[in-house]
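Shown here: target-v3.cif, mmCIF, C-alpha atoms and all ligand atoms.
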```cif
data_start
loop_
_atom_site.label_atom_id
_atom_site.label_comp_id
_atom_site.auth_asym_id
_atom_site.auth_seq_id
_atom_site.Cartn_x
_atom_site.Cartn_y
_atom_site.Cartn_z
CA MET A 1 -1.47 -26.11 4.26
CA LEU A 2 -2.70 -22.88 5.71
CA ASN A 3 -6.35 -23.77 5.61
CA ASP A 4 -8.91 -26.08 4.16
CA ALA A 5 -9.93 -24.50 0.88
CA SER A 6 -12.62 -27.06 0.16
CA THR A 7 -14.80 -25.89 3.03
CA ASP A 8 -13.76 -22.26 3.38
CA ASN A 9 -14.02 -22.80 7.14
CA PRO A 10 -12.80 -20.04 9.37
CA GLU A 11 -9.44 -20.91 10.87
CA GLU A 12 -9.41 -22.70 14.21
CA PRO A 13 -7.57 -20.78 16.95
CA PRO A 14 -3.84 -20.76 16.20
CA SER A 15 -1.23 -22.18 18.41
CA SER A 16 0.58 -19.20 19.86
CA GLY A 17 3.83 -20.66 18.52
CA ARG A 18 2.68 -20.29 14.92
CA LEU A 19 1.56 -16.71 15.44
CA HIS A 20 4.84 -15.87 17.10
CA SER A 21 6.89 -17.29 14.23
CA LEU A 22 4.77 -15.39 11.70
CA LYS A 23 5.51 -12.14 13.49
CA MET A 24 9.26 -12.61 13.86
CA PHE A 25 11.66 -10.56 11.76
CA ARG A 26 14.44 -12.75 10.38
CA SER A 27 17.20 -12.22 7.86
CA ALA A 28 16.89 -14.05 4.54
CA GLY A 29 20.49 -15.18 5.13
CA ARG A 30 22.94 -16.12 2.42
CA GLY A 31 21.81 -19.66 1.66
CA PRO A 32 23.65 -21.07 -1.38
CA TRP A 33 25.47 -17.75 -1.94
CA ALA A 34 27.50 -17.87 1.29
CA ASP A 35 30.81 -17.64 -0.59
CA PHE A 36 30.21 -14.27 -2.19
CA PRO A 37 31.58 -11.14 -0.48
CA ASP A 38 29.14 -8.87 1.35
CA ALA A 39 29.84 -6.14 -1.16
CA ASP A 40 28.40 -8.35 -3.91
CA TRP A 41 25.42 -9.63 -1.96
CA ASN A 42 24.42 -6.13 -0.87
CA ASP A 43 24.76 -4.70 -4.40
CA TRP A 44 21.42 -4.58 -6.19
CA HIS A 45 23.07 -4.97 -9.59
CA TRP A 46 24.74 -8.17 -8.37
CA GLN A 47 21.36 -9.44 -7.14
CA LEU A 48 19.78 -8.75 -10.55
CA LYS A 49 22.63 -10.38 -12.41
CA HIS A 50 22.38 -13.52 -10.29
CA ARG A 51 18.63 -13.94 -10.58
CA ILE A 52 17.28 -17.45 -11.08
CA THR A 53 15.80 -17.45 -14.57
CA THR A 54 16.21 -21.01 -15.89
CA LEU A 55 14.84 -24.43 -15.04
CA GLU A 56 18.38 -25.82 -14.72
CA ARG A 57 19.36 -23.27 -12.10
CA LEU A 58 16.07 -23.68 -10.24
CA GLN A 59 16.51 -27.48 -10.09
CA GLN A 60 20.05 -27.07 -8.81
CA LEU A 61 18.95 -24.75 -6.03
CA LEU A 62 15.65 -26.42 -5.19
CA PRO A 63 15.94 -30.20 -5.47
CA THR A 64 12.40 -30.56 -4.11
CA LEU A 65 10.92 -28.97 -7.26
CA THR A 66 7.61 -30.74 -7.89
CA ARG A 67 6.32 -32.15 -11.20
CA GLU A 68 3.80 -29.30 -11.44
CA GLU A 69 6.51 -26.70 -10.90
CA HIS A 70 8.92 -28.41 -13.30
CA ALA A 71 6.31 -28.49 -16.07
CA GLY A 72 5.22 -24.92 -15.32
CA THR A 73 8.77 -23.61 -15.46
CA LEU A 74 9.40 -25.32 -18.80
CA LEU A 75 6.55 -23.26 -20.27
CA ALA A 76 7.04 -20.07 -18.28
CA ASN A 77 9.36 -18.21 -20.57
CA HIS A 78 6.82 -18.37 -23.39
CA LYS A 79 4.49 -16.31 -21.28
CA LEU A 80 5.51 -14.59 -18.04
CA ALA A 81 9.24 -15.07 -17.47
CA LEU A 82 10.72 -16.79 -14.44
CA ALA A 83 12.95 -14.50 -12.38
CA ILE A 84 13.75 -14.64 -8.66
CA THR A 85 16.44 -12.61 -6.90
CA PRO A 86 18.85 -14.66 -4.75
CA TYR A 87 17.76 -12.62 -1.73
CA PHE A 88 14.08 -13.47 -2.23
CA PHE A 89 14.84 -17.08 -3.13
CA ASN A 90 16.36 -17.54 0.33
CA LEU A 91 12.96 -16.86 1.91
CA ILE A 92 11.60 -20.06 0.33
CA ASP A 93 11.26 -23.04 2.67
CA PRO A 94 12.63 -25.83 0.43
CA THR A 95 10.98 -28.51 2.57
CA ASP A 96 7.49 -27.05 2.15
CA GLU A 97 5.81 -27.70 -1.20
CA CYS A 98 3.10 -25.24 -0.24
CA CYS A 99 5.51 -22.53 0.94
CA PRO A 100 3.73 -19.18 0.58
CA ILE A 101 6.85 -17.54 -0.86
CA ARG A 102 7.37 -20.32 -3.37
CA ARG A 103 3.79 -20.16 -4.67
CA GLN A 104 4.19 -16.50 -5.56
CA VAL A 105 7.25 -16.80 -7.81
CA ILE A 106 7.71 -20.40 -9.01
CA PRO A 107 5.58 -21.23 -12.07
CA ARG A 108 3.15 -24.14 -11.93
CA ILE A 109 1.57 -26.07 -14.76
CA GLU A 110 -1.85 -24.77 -13.65
CA GLU A 111 -0.84 -21.47 -15.30
CA THR A 112 -1.81 -23.10 -18.58
CA ASN A 113 -5.43 -23.64 -17.42
CA THR A 114 -7.59 -20.76 -18.50
CA ALA A 115 -11.17 -20.41 -17.34
CA PRO A 116 -13.64 -18.80 -19.80
CA TRP A 117 -13.99 -15.71 -17.60
CA GLU A 118 -10.24 -15.17 -17.36
CA LEU A 119 -8.60 -12.56 -19.58
CA SER A 120 -5.17 -11.24 -20.52
CA ASP A 121 -6.23 -7.67 -19.67
CA PRO A 122 -8.75 -8.35 -16.89
CA CYS A 123 -9.09 -4.73 -15.74
CA GLY A 124 -9.58 -3.30 -19.22
CA GLU A 125 -6.50 -1.10 -18.97
CA ASP A 126 -5.74 -1.11 -22.67
CA SER A 127 -9.12 0.44 -23.46
CA HIS A 128 -8.42 3.35 -21.08
CA SER A 129 -5.04 4.13 -22.55
CA PRO A 130 -4.92 7.53 -24.30
CA VAL A 131 -1.25 7.03 -25.21
CA PRO A 132 0.79 3.83 -24.89
CA GLY A 133 2.11 3.28 -21.38
CA LEU A 134 -0.52 5.48 -19.71
CA VAL A 135 -3.86 4.40 -18.22
CA HIS A 136 -6.32 7.21 -17.53
CA ARG A 137 -9.36 5.60 -15.90
CA TYR A 138 -10.19 7.91 -13.01
CA PRO A 139 -10.89 11.61 -13.50
CA ASP A 140 -7.93 13.11 -11.63
CA ARG A 141 -5.13 10.56 -11.78
CA VAL A 142 -3.18 8.43 -14.20
CA LEU A 143 -1.25 5.21 -14.06
CA PHE A 144 2.10 5.68 -15.81
CA LEU A 145 3.79 2.41 -16.85
CA VAL A 146 7.46 3.30 -17.00
CA THR A 147 9.06 -0.08 -17.66
CA ASP A 148 8.09 -3.64 -18.51
CA ARG A 149 10.69 -5.19 -16.19
CA CYS A 150 10.49 -6.29 -12.56
CA ALA A 151 13.14 -7.59 -10.17
CA ALA A 152 11.14 -10.83 -9.93
CA TYR A 153 7.86 -11.93 -11.49
CA CYS A 154 4.71 -12.64 -9.48
CA ARG A 155 2.91 -15.59 -11.05
CA TYR A 156 -0.47 -13.84 -10.69
CA CYS A 157 0.75 -10.61 -12.33
CA THR A 158 -2.18 -8.52 -13.51
CA ARG A 159 0.01 -7.07 -16.29
CA SER A 160 1.62 -10.30 -17.42
CA ARG A 161 0.41 -9.37 -20.92
CA LEU A 162 3.01 -6.65 -21.06
CA VAL A 163 5.77 -7.40 -18.56
CA SER A 164 8.91 -9.48 -18.93
CA ASN A 165 8.59 -10.49 -22.56
CA ALA A 166 7.15 -7.19 -23.74
CA SER A 167 4.37 -7.17 -26.26
CA GLY A 168 4.75 -4.28 -28.62
CA TYR A 169 4.03 -1.82 -25.80
CA ASP A 170 5.80 1.46 -26.35
CA PHE A 171 8.00 2.00 -23.32
CA HIS A 172 9.51 5.00 -25.00
CA PRO A 173 12.82 5.66 -23.30
CA ASP A 174 12.19 9.40 -23.10
CA PHE A 175 8.58 9.09 -21.88
CA ASP A 176 7.80 12.05 -24.16
CA ARG A 177 4.30 11.01 -25.22
CA GLN A 178 3.15 10.14 -21.72
CA ILE A 179 4.55 13.30 -20.16
CA ASP A 180 3.08 15.35 -22.97
CA TYR A 181 -0.38 13.86 -22.31
CA ILE A 182 -0.12 14.68 -18.60
CA ARG A 183 1.06 18.22 -19.40
CA ARG A 184 -1.91 18.93 -21.65
CA THR A 185 -4.46 17.29 -19.30
CA PRO A 186 -4.92 19.70 -16.38
CA ALA A 187 -7.37 17.36 -14.62
CA VAL A 188 -4.46 15.06 -13.75
CA ARG A 189 -3.30 16.02 -10.27
CA ASP A 190 -1.95 12.58 -9.24
CA VAL A 191 0.54 10.44 -11.17
CA LEU A 192 1.13 6.84 -10.15
CA LEU A 193 4.33 5.37 -11.55
CA SER A 194 4.14 1.64 -12.05
CA GLY A 195 5.05 -0.91 -14.66
CA GLY A 196 6.94 -3.22 -14.37
CA ASP A 197 8.80 -1.78 -11.43
CA PRO A 198 9.81 1.91 -11.57
CA LEU A 199 12.60 1.42 -9.04
CA LEU A 200 14.48 -0.63 -11.63
CA LEU A 201 15.23 2.63 -13.44
CA SER A 202 18.63 4.07 -12.65
CA ASP A 203 18.85 6.82 -10.05
CA ALA A 204 19.54 9.38 -12.77
CA ARG A 205 16.57 8.40 -14.95
CA LEU A 206 14.20 8.28 -12.02
CA ASP A 207 15.36 11.68 -10.79
CA GLU A 208 14.88 13.13 -14.24
CA LEU A 209 11.45 11.58 -14.70
CA LEU A 210 10.21 12.74 -11.29
CA GLY A 211 11.65 16.20 -11.98
CA ARG A 212 9.82 16.47 -15.31
CA LEU A 213 6.54 15.48 -13.64
CA ARG A 214 7.13 17.92 -10.78
CA ALA A 215 7.66 20.69 -13.32
CA ILE A 216 4.02 20.31 -14.46
CA PRO A 217 2.06 22.79 -12.32
CA HIS A 218 -1.16 20.75 -12.01
CA VAL A 219 0.65 17.57 -10.88
CA GLU A 220 0.35 17.77 -7.11
CA PHE A 221 0.91 14.26 -5.96
CA LEU A 222 3.35 11.55 -7.03
CA ARG A 223 3.25 7.87 -6.18
CA ILE A 224 5.45 4.91 -6.99
CA GLY A 225 4.01 1.39 -6.96
CA THR A 226 6.87 -1.05 -6.42
CA ARG A 227 7.70 -4.49 -5.14
CA ILE A 228 11.44 -3.75 -5.12
CA PRO A 229 11.59 -3.20 -1.33
CA ILE A 230 10.35 -6.82 -1.00
CA PHE A 231 12.21 -8.51 -3.88
CA LEU A 232 15.38 -6.43 -3.80
CA PRO A 233 15.73 -4.38 -0.59
CA GLN A 234 19.35 -3.72 -1.59
CA ARG A 235 17.99 -1.26 -4.18
CA ILE A 236 16.76 1.09 -1.44
CA THR A 237 20.09 2.85 -1.10
CA PRO A 238 20.71 6.13 0.73
CA ALA A 239 21.31 7.71 -2.70
CA LEU A 240 17.89 6.60 -3.95
CA CYS A 241 16.22 7.89 -0.78
CA ALA A 242 17.97 11.24 -1.22
CA ILE A 243 16.48 11.48 -4.73
CA LEU A 244 12.97 10.55 -3.65
CA ARG A 245 12.93 13.13 -0.88
CA ARG A 246 13.60 15.88 -3.41
CA HIS A 247 10.26 15.23 -5.11
CA HIS A 248 7.82 15.38 -2.21
CA PRO A 249 4.93 14.93 -1.73
CA LEU A 250 5.76 11.45 -2.95
CA PHE A 251 4.21 8.27 -1.55
CA VAL A 252 5.38 4.72 -2.15
CA SER A 253 3.03 1.73 -2.32
CA ILE A 254 4.81 -1.54 -1.73
CA HIS A 255 3.41 -5.01 -2.40
CA SER A 256 3.75 -7.71 0.23
CA ASN A 257 1.49 -10.68 0.78
CA HIS A 258 2.92 -12.77 3.58
CA PRO A 259 4.58 -11.85 6.88
CA ARG A 260 7.67 -13.88 6.02
CA GLU A 261 8.43 -11.35 3.24
CA LEU A 262 9.05 -8.76 5.95
CA SER A 263 12.62 -9.73 6.80
CA THR A 264 15.14 -7.65 8.73
CA GLU A 265 16.56 -6.55 5.36
CA VAL A 266 13.13 -5.33 4.26
CA ARG A 267 12.45 -3.62 7.58
CA GLU A 268 15.70 -1.68 7.23
CA ALA A 269 14.98 -0.72 3.60
CA LEU A 270 11.50 0.49 4.53
CA GLY A 271 12.99 2.38 7.46
CA ARG A 272 15.29 4.25 5.07
CA LEU A 273 12.30 5.24 2.93
CA ALA A 274 10.25 6.30 5.95
CA ASP A 275 13.20 8.32 7.27
CA ALA A 276 13.30 10.10 3.90
CA GLY A 277 9.77 11.26 4.67
CA VAL A 278 8.12 8.89 2.18
CA PRO A 279 4.68 7.79 3.44
CA LEU A 280 4.39 4.06 2.86
CA GLY A 281 1.33 1.97 1.98
CA ASN A 282 1.03 -1.72 1.21
CA GLN A 283 -1.04 -3.45 -1.43
CA SER A 284 -1.67 -7.16 -0.94
CA VAL A 285 -3.35 -9.59 -3.26
CA LEU A 286 -5.55 -12.21 -1.61
CA LEU A 287 -3.89 -15.47 -2.67
CA ARG A 288 -4.96 -19.02 -2.01
CA TYR A 289 -2.69 -20.84 0.46
CA VAL A 290 -0.53 -17.73 0.70
CA ASN A 291 -2.51 -15.28 2.80
CA ASP A 292 -6.19 -16.29 2.63
CA ASP A 293 -6.15 -16.92 6.34
CA PRO A 294 -7.09 -14.45 9.08
CA ILE A 295 -4.10 -15.44 11.24
CA VAL A 296 -1.63 -14.88 8.42
CA MET A 297 -3.27 -11.63 7.36
CA ARG A 298 -3.32 -10.28 10.89
CA ALA A 299 0.37 -11.11 11.34
CA LEU A 300 1.11 -9.40 8.00
CA VAL A 301 -0.71 -6.15 8.80
CA HIS A 302 0.81 -5.97 12.28
CA LYS A 303 4.32 -6.48 10.89
CA LEU A 304 3.64 -3.81 8.27
CA LEU A 305 2.83 -1.30 11.02
CA LEU A 306 6.12 -2.22 12.72
CA CYS A 307 7.79 -1.29 9.41
CA ARG A 308 5.87 2.02 9.37
CA VAL A 309 3.73 0.86 6.43
CA LYS A 310 -0.04 1.43 6.34
CA PRO A 311 -1.94 -1.51 4.81
CA TYR A 312 -3.68 0.30 1.92
CA TYR A 313 -5.51 -2.17 -0.30
CA LEU A 314 -6.25 -5.88 -0.19
CA TYR A 315 -7.05 -6.88 -3.78
CA GLN A 316 -9.29 -9.68 -4.81
CA CYS A 317 -7.06 -11.51 -7.33
CA ASP A 318 -7.80 -10.22 -10.83
CA LEU A 319 -9.26 -12.66 -13.36
CA ILE A 320 -5.92 -13.02 -15.09
CA ALA A 321 -5.55 -16.02 -17.40
CA GLY A 322 -4.00 -19.00 -15.60
CA SER A 323 -4.38 -17.70 -12.05
CA ALA A 324 -7.27 -19.83 -10.74
CA HIS A 325 -4.97 -21.95 -8.57
CA LEU A 326 -3.90 -18.80 -6.72
CA ARG A 327 -7.32 -17.22 -6.42
CA SER A 328 -9.28 -17.28 -3.20
CA SER A 329 -13.00 -16.62 -2.89
CA VAL A 330 -14.58 -13.24 -2.17
CA ARG A 331 -16.38 -15.01 0.69
CA ARG A 332 -12.99 -15.81 2.19
CA GLY A 333 -11.79 -12.24 1.68
CA LEU A 334 -14.84 -10.92 3.51
CA GLU A 335 -14.26 -13.36 6.39
CA ILE A 336 -10.73 -12.05 6.72
CA MET A 337 -11.87 -8.42 6.69
CA GLU A 338 -14.44 -9.31 9.35
CA GLN A 339 -11.57 -10.60 11.51
CA LEU A 340 -9.64 -7.36 11.17
CA ARG A 341 -12.04 -4.42 11.53
CA GLY A 342 -12.64 -3.69 15.20
CA HIS A 343 -10.45 -6.58 16.31
CA THR A 344 -7.24 -4.70 15.65
CA THR A 345 -5.75 -1.23 15.08
CA GLY A 346 -7.72 0.73 12.50
CA TYR A 347 -4.46 1.74 10.78
CA ALA A 348 -3.79 -1.96 10.21
CA VAL A 349 -7.00 -2.55 8.27
CA PRO A 350 -6.70 -2.34 4.46
CA GLN A 351 -9.61 -1.65 2.13
CA TYR A 352 -10.65 -4.85 0.35
CA VAL A 353 -11.32 -4.07 -3.33
CA ILE A 354 -12.22 -5.82 -6.54
CA ASP A 355 -10.82 -4.22 -9.68
CA ALA A 356 -13.96 -4.55 -11.78
CA PRO A 357 -13.53 -6.88 -14.76
CA GLY A 358 -13.54 -4.98 -18.02
CA GLY A 359 -12.46 -1.65 -16.59
CA GLY A 360 -14.77 -0.29 -13.88
CA GLY A 361 -11.91 0.49 -11.53
CA LYS A 362 -11.47 -0.51 -7.91
CA VAL A 363 -14.70 -1.15 -6.04
CA PRO A 364 -14.69 -1.56 -2.25
CA VAL A 365 -16.29 -4.70 -0.86
CA ASN A 366 -17.06 -4.84 2.85
CA PRO A 367 -18.70 -7.17 5.31
CA GLU A 368 -22.30 -6.10 5.85
CA TYR A 369 -22.66 -4.03 9.02
CA VAL A 370 -25.92 -2.26 8.17
CA LEU A 371 -28.72 -4.75 8.86
CA SER A 372 -31.59 -2.56 7.79
CA ARG A 373 -32.37 1.05 7.06
CA ASN A 374 -35.45 3.05 6.32
CA ALA A 375 -36.40 6.74 6.31
CA ASP A 376 -36.37 6.88 10.14
CA ARG A 377 -33.56 4.69 11.35
CA LEU A 378 -30.58 2.55 10.69
CA VAL A 379 -30.02 -0.82 12.38
CA PHE A 380 -26.45 -2.02 12.36
CA ARG A 381 -24.10 -4.39 14.14
CA ASN A 382 -20.61 -3.95 15.48
CA PHE A 383 -17.56 -6.25 15.17
CA GLU A 384 -18.82 -8.37 18.09
CA GLY A 385 -22.25 -8.84 16.53
CA ARG A 386 -24.05 -6.51 18.97
CA ILE A 387 -26.97 -4.64 17.42
CA PHE A 388 -27.45 -0.86 17.51
CA GLU A 389 -29.91 1.70 16.21
CA TYR A 390 -29.26 5.18 14.94
CA PRO A 391 -32.03 7.69 14.07
CA GLU A 392 -32.13 9.03 10.52
CA ALA A 393 -33.20 12.61 9.87
CA SER A 394 -36.81 12.04 8.81
CA ASP A 395 -36.72 13.37 5.27
CA GLY A 396 -33.01 13.16 4.75
CA THR A 397 -32.49 16.89 5.23
CA PRO A 398 -31.23 18.58 8.39
CA ARG A 399 -34.00 19.88 10.64
CA GLN A 400 -32.24 23.12 11.43
CA LYS A 401 -30.72 25.66 9.15
CA PRO A 402 -27.13 24.59 8.57
CA PRO A 403 -24.46 26.86 10.06
CA ALA A 404 -23.07 29.54 7.79
CA ARG A 405 -20.19 28.27 5.73
CA ILE A 406 -16.88 28.67 7.52
CA PRO A 407 -15.02 31.43 5.68
CA GLU A 408 -11.84 30.57 3.81
CA PRO A 409 -8.79 31.76 5.81
CA GLU A 410 -7.76 34.25 3.12
CA LEU A 411 -11.26 35.83 3.22
CA VAL A 412 -11.19 36.49 6.97
C1 LIG B 1 -5.27 1.64 -8.91
C2 LIG B 1 -5.25 2.62 -9.97
C3 LIG B 1 -5.08 3.98 -9.71
C4 LIG B 1 -4.90 4.51 -8.30
O1 LIG B 1 -6.07 4.32 -7.56
P1 LIG B 1 -6.15 4.80 -6.05
O2 LIG B 1 -7.45 4.29 -5.55
O3 LIG B 1 -6.06 6.30 -6.06
O4 LIG B 1 -4.98 4.21 -5.32
C5 LIG B 1 -5.09 4.84 -10.77
N1 LIG B 1 -5.27 4.41 -12.03
C6 LIG B 1 -5.47 3.12 -12.32
C7 LIG B 1 -5.70 2.71 -13.72
C8 LIG B 1 -5.45 2.17 -11.31
O5 LIG B 1 -5.63 0.87 -11.59
#
```
Structure translated into structure tokens:
Amino acid sequence: MLNDASTDNPEEPPSSGRLHSLKMFRSAGRGPWADFPDADWNDWHWQLKHRITTLERLQQLLPTLTREEHAGTLLANHKLALAITPYFFNLIDPTDECCPIRRQVIPRIEETNTAPWELSDPCGEDSHSPVPGLVHRYPDRVLFLVTDRCAAYCRYCTRSRLVSNASGYDFHPDFDRQIDYIRRTPAVRDVLLSGGDPLLLSDARLDELLGRLRAIPHVEFLRIGTRIPIFLPQRITPALCAILRRHHPLFVSIHSNHPRELSTEVREALGRLADAGVPLGNQSVLLRYVNDDPIVMRALVHKLLLCRVKPYYLYQCDLIAGSAHLRSSVRRGLEIMEQLRGHTTGYAVPQYVIDAPGGGGKVPVNPEYVLSRNADRLVFRNFEGRIFEYPEASDGTPRQKPPARIPEPELV
């Protein structure tokens, strides 16, 4: 176990051996697929075709499957499907029932427990959907759900209501309605492609989709949210990178939760994206016994920087039905943030956010650094707990006349 959840105690100092092993880059290896040619193993279509999707196959490959996992897998395909790529499966430690990789992708019977405050659409996305497959919650940007499929399924998926087994959502193959909405909504300057996983689209469809969005004059900024670099690094081909670089400025947000996910295969895939000029961010979800531990989180964010990825958000786990066994406390999340800010590289520190239940959007939550403030001064502490004072302008307005506005370059 990574920590003692019952007490929420801060972690005792690690043995340096554990920290070292968390920071090492290793290959996932071939595991049970040693007999297949390299050309197959490295082919993303082969990886998809050979995904583990049934209880029988999972039992064959993982004889240590527990009763809870067995029962959970039996029920999984009625809700969120089971799917694990062979590559990602090889990252599982079969001897460790609490393996942080295993907990993310192998169903457990606890998925059938639903607390009263848990929902199927915890972030109220459906109520902010002007056309199917598009969520327009913030003034200047939209979330564009381009597919309901992923390379593998995270057991805590915030969109389990619509991925894998579909649910009457209109993933119109031509994306006409969604693109039309963006075209006639000039406030939208930022389009975030998500799903499902957009990088499951073929190169040709992705190129066409990005091209159609780029052709809209008010769309300045494109983003892709994807876990494919982690689940299926074989998908990040030179051909895909060549397509992405044609549609700049385009950022990619990946999703990794544990340092062991950052294998040599992943580091190389992320390197190809970075070399194509794609700025990379990471979104993690705070997960119980996976990464709710300052030592694990610090190893993760440091490894991300080595892969040229900026840790972007750390999400408090959404109140998705059947996810309580994977959810850690906000108190724990704040303790982890406290152990990052100031203690390590600022670039390595993500913003901890809660996606407000019911549809308020992402709200930052931070450890308290301001101890008191009044009209005259601010008292605050630093990461070491030392106390400082800073004077406040007495009535909140500057004492002197502000400098004249700096002229715009074209007016000079
Ligand atoms: C997360 C999210 C975005 C993007 O938010 P950023 O803070 O800009 O990364 C946009 N729309 C929806 C509905 C989202 O959930």
Would you tabulate, counting all atoms listed in the file, all residues of chain A that have an atom at most 8 Å from an atom of ligand LIG 1 (chain B), showing the closest pair of atoms and their distance in Å to one decimal, sorted by chain then ascending number, as a tab-separated table?
```
residue	atom	partner	partner_atom	distance
A:Cys123	CA	B:LIG1	O5	7.8
A:Glu125	CA	B:LIG1	C7	6.5
A:His128	CA	B:LIG1	C7	7.9
A:Val135	CA	B:LIG1	C7	5.1
A:His136	CA	B:LIG1	C7	5.9
A:Arg137	CA	B:LIG1	C7	5.1
A:Tyr138	CA	B:LIG1	N1	6.1
A:Arg141	CA	B:LIG1	C5	5.8
A:Val142	CA	B:LIG1	N1	5.0
A:Leu143	CA	B:LIG1	N1	4.6
A:Val191	CA	B:LIG1	C5	8.0
A:Leu192	CA	B:LIG1	C5	6.6
A:Asp355	CA	B:LIG1	O5	7.5
A:Gly361	CA	B:LIG1	O5	6.3
A:Lys362	CA	B:LIG1	C1	6.6
```
- Expressed in Å to a single decimal, how great is the separation between CA of Glu392 in chain A and CA of Arg341 in chain A?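 CA of Arg341 in chain A lies at a distance of 24.2 Å from CA of Glu392 in chain A.
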- Message: For a quick check of understanding, using only C-alpha atoms, which of A:Ala239, A:Val188, A:Val370, A:Ile228 has the smallest distance to His255 in chain A?
- Response: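 Result for the nearest residue to His255 in chain A: A:Ile228.
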- Task: Considering only C-alpha atoms, state which residue in the set A:Thr344, A:Leu286, A:Asp318, A:Leu55 is at the smallest distance from Gly358 in chain A.
- Result: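 Ranking A:Thr344, A:Leu286, A:Asp318, A:Leu55 by distance to Gly358 in chain A, first place goes to A:Asp318.
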- Message: Would you compute the distance between CA of Ile243 in chain A and CA of Asp203 in chain A? Give it in Å to one decimal.
- Response: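 One can read the CA of Ile243 in chain A to CA of Asp203 in chain A distance as 7.5 Å.
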- Query: Which of these, A:Tyr352, A:Tyr315, A:Tyr289, A:Trp33, has the shortest distance to Phe89 in chain A once you count all atoms listed in the file?
  - Reply: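 Of A:Tyr352, A:Tyr315, A:Tyr289, A:Trp33, the one nearest Phe89 in chain A is A:Trp33, counting all atoms listed in the file.
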- How far is it from CA of Thr66 in chain A to CA of Val290 in chain A, in Å with one decimal?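 Taking CA of Thr66 in chain A and CA of Val290 in chain A, their separation equals 17.6 Å.
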Output range 213-224 of chain A from the block with N, CA, C and O atoms, as a PDB file, in the first residue's frame?
```pdb
ATOM      1  N   LEU A 213     -11.652  23.027 -38.606  1.00  0.00           N
ATOM      2  CA  LEU A 213     -11.656  23.963 -37.474  1.00  0.00           C
ATOM      3  C   LEU A 213     -10.726  25.141 -37.740  1.00  0.00           C
ATOM      4  O   LEU A 213     -11.059  26.297 -37.473  1.00  0.00           O
ATOM      5  N   ARG A 214      -9.569  24.870 -38.312  1.00  0.00           N
ATOM      6  CA  ARG A 214      -8.605  25.926 -38.633  1.00  0.00           C
ATOM      7  C   ARG A 214      -9.157  26.923 -39.647  1.00  0.00           C
ATOM      8  O   ARG A 214      -8.761  28.082 -39.674  1.00  0.00           O
ATOM      9  N   ALA A 215     -10.083  26.441 -40.478  1.00  0.00           N
ATOM     10  CA  ALA A 215     -10.656  27.307 -41.508  1.00  0.00           C
ATOM     11  C   ALA A 215     -11.648  28.313 -40.918  1.00  0.00           C
ATOM     12  O   ALA A 215     -12.095  29.225 -41.609  1.00  0.00           O
ATOM     13  N   ILE A 216     -12.008  28.165 -39.649  1.00  0.00           N
ATOM     14  CA  ILE A 216     -12.929  29.102 -39.003  1.00  0.00           C
ATOM     15  C   ILE A 216     -12.093  30.252 -38.448  1.00  0.00           C
ATOM     16  O   ILE A 216     -11.241  30.027 -37.575  1.00  0.00           O
ATOM     17  N   PRO A 217     -12.305  31.476 -38.932  1.00  0.00           N
ATOM     18  CA  PRO A 217     -11.381  32.567 -38.581  1.00  0.00           C
ATOM     19  C   PRO A 217     -11.263  32.830 -37.085  1.00  0.00           C
ATOM     20  O   PRO A 217     -10.177  33.142 -36.607  1.00  0.00           O
ATOM     21  N   HIS A 218     -12.372  32.713 -36.311  1.00  0.00           N
ATOM     22  CA  HIS A 218     -12.257  33.056 -34.890  1.00  0.00           C
ATOM     23  C   HIS A 218     -11.679  31.936 -34.030  1.00  0.00           C
ATOM     24  O   HIS A 218     -11.431  32.130 -32.840  1.00  0.00           O
ATOM     25  N   VAL A 219     -11.448  30.761 -34.599  1.00  0.00           N
ATOM     26  CA  VAL A 219     -10.815  29.680 -33.820  1.00  0.00           C
ATOM     27  C   VAL A 219      -9.301  29.873 -33.864  1.00  0.00           C
ATOM     28  O   VAL A 219      -8.663  29.667 -34.881  1.00  0.00           O
ATOM     29  N   GLU A 220      -8.764  30.310 -32.702  1.00  0.00           N
ATOM     30  CA  GLU A 220      -7.339  30.621 -32.650  1.00  0.00           C
ATOM     31  C   GLU A 220      -6.513  29.433 -32.196  1.00  0.00           C
ATOM     32  O   GLU A 220      -5.389  29.243 -32.617  1.00  0.00           O
ATOM     33  N   PHE A 221      -7.097  28.681 -31.285  1.00  0.00           N
ATOM     34  CA  PHE A 221      -6.292  27.772 -30.475  1.00  0.00           C
ATOM     35  C   PHE A 221      -6.949  26.405 -30.465  1.00  0.00           C
ATOM     36  O   PHE A 221      -8.148  26.291 -30.212  1.00  0.00           O
ATOM     37  N   LEU A 222      -6.168  25.364 -30.777  1.00  0.00           N
ATOM     38  CA  LEU A 222      -6.696  24.007 -30.780  1.00  0.00           C
ATOM     39  C   LEU A 222      -5.970  23.181 -29.723  1.00  0.00           C
ATOM     40  O   LEU A 222      -4.771  23.358 -29.494  1.00  0.00           O
ATOM     41  N   ARG A 223      -6.735  22.300 -29.109  1.00  0.00           N
ATOM     42  CA  ARG A 223      -6.154  21.391 -28.117  1.00  0.00           C
ATOM     43  C   ARG A 223      -6.719  20.006 -28.323  1.00  0.00           C
ATOM     44  O   ARG A 223      -7.887  19.852 -28.684  1.00  0.00           O
ATOM     45  N   ILE A 224      -5.916  19.001 -28.024  1.00  0.00           N
ATOM     46  CA  ILE A 224      -6.401  17.621 -28.011  1.00  0.00           C
ATOM     47  C   ILE A 224      -6.150  17.056 -26.619  1.00  0.00           C
ATOM     48  O   ILE A 224      -5.036  17.143 -26.100  1.00  0.00           O
TER      49      ILE A 224
END
```
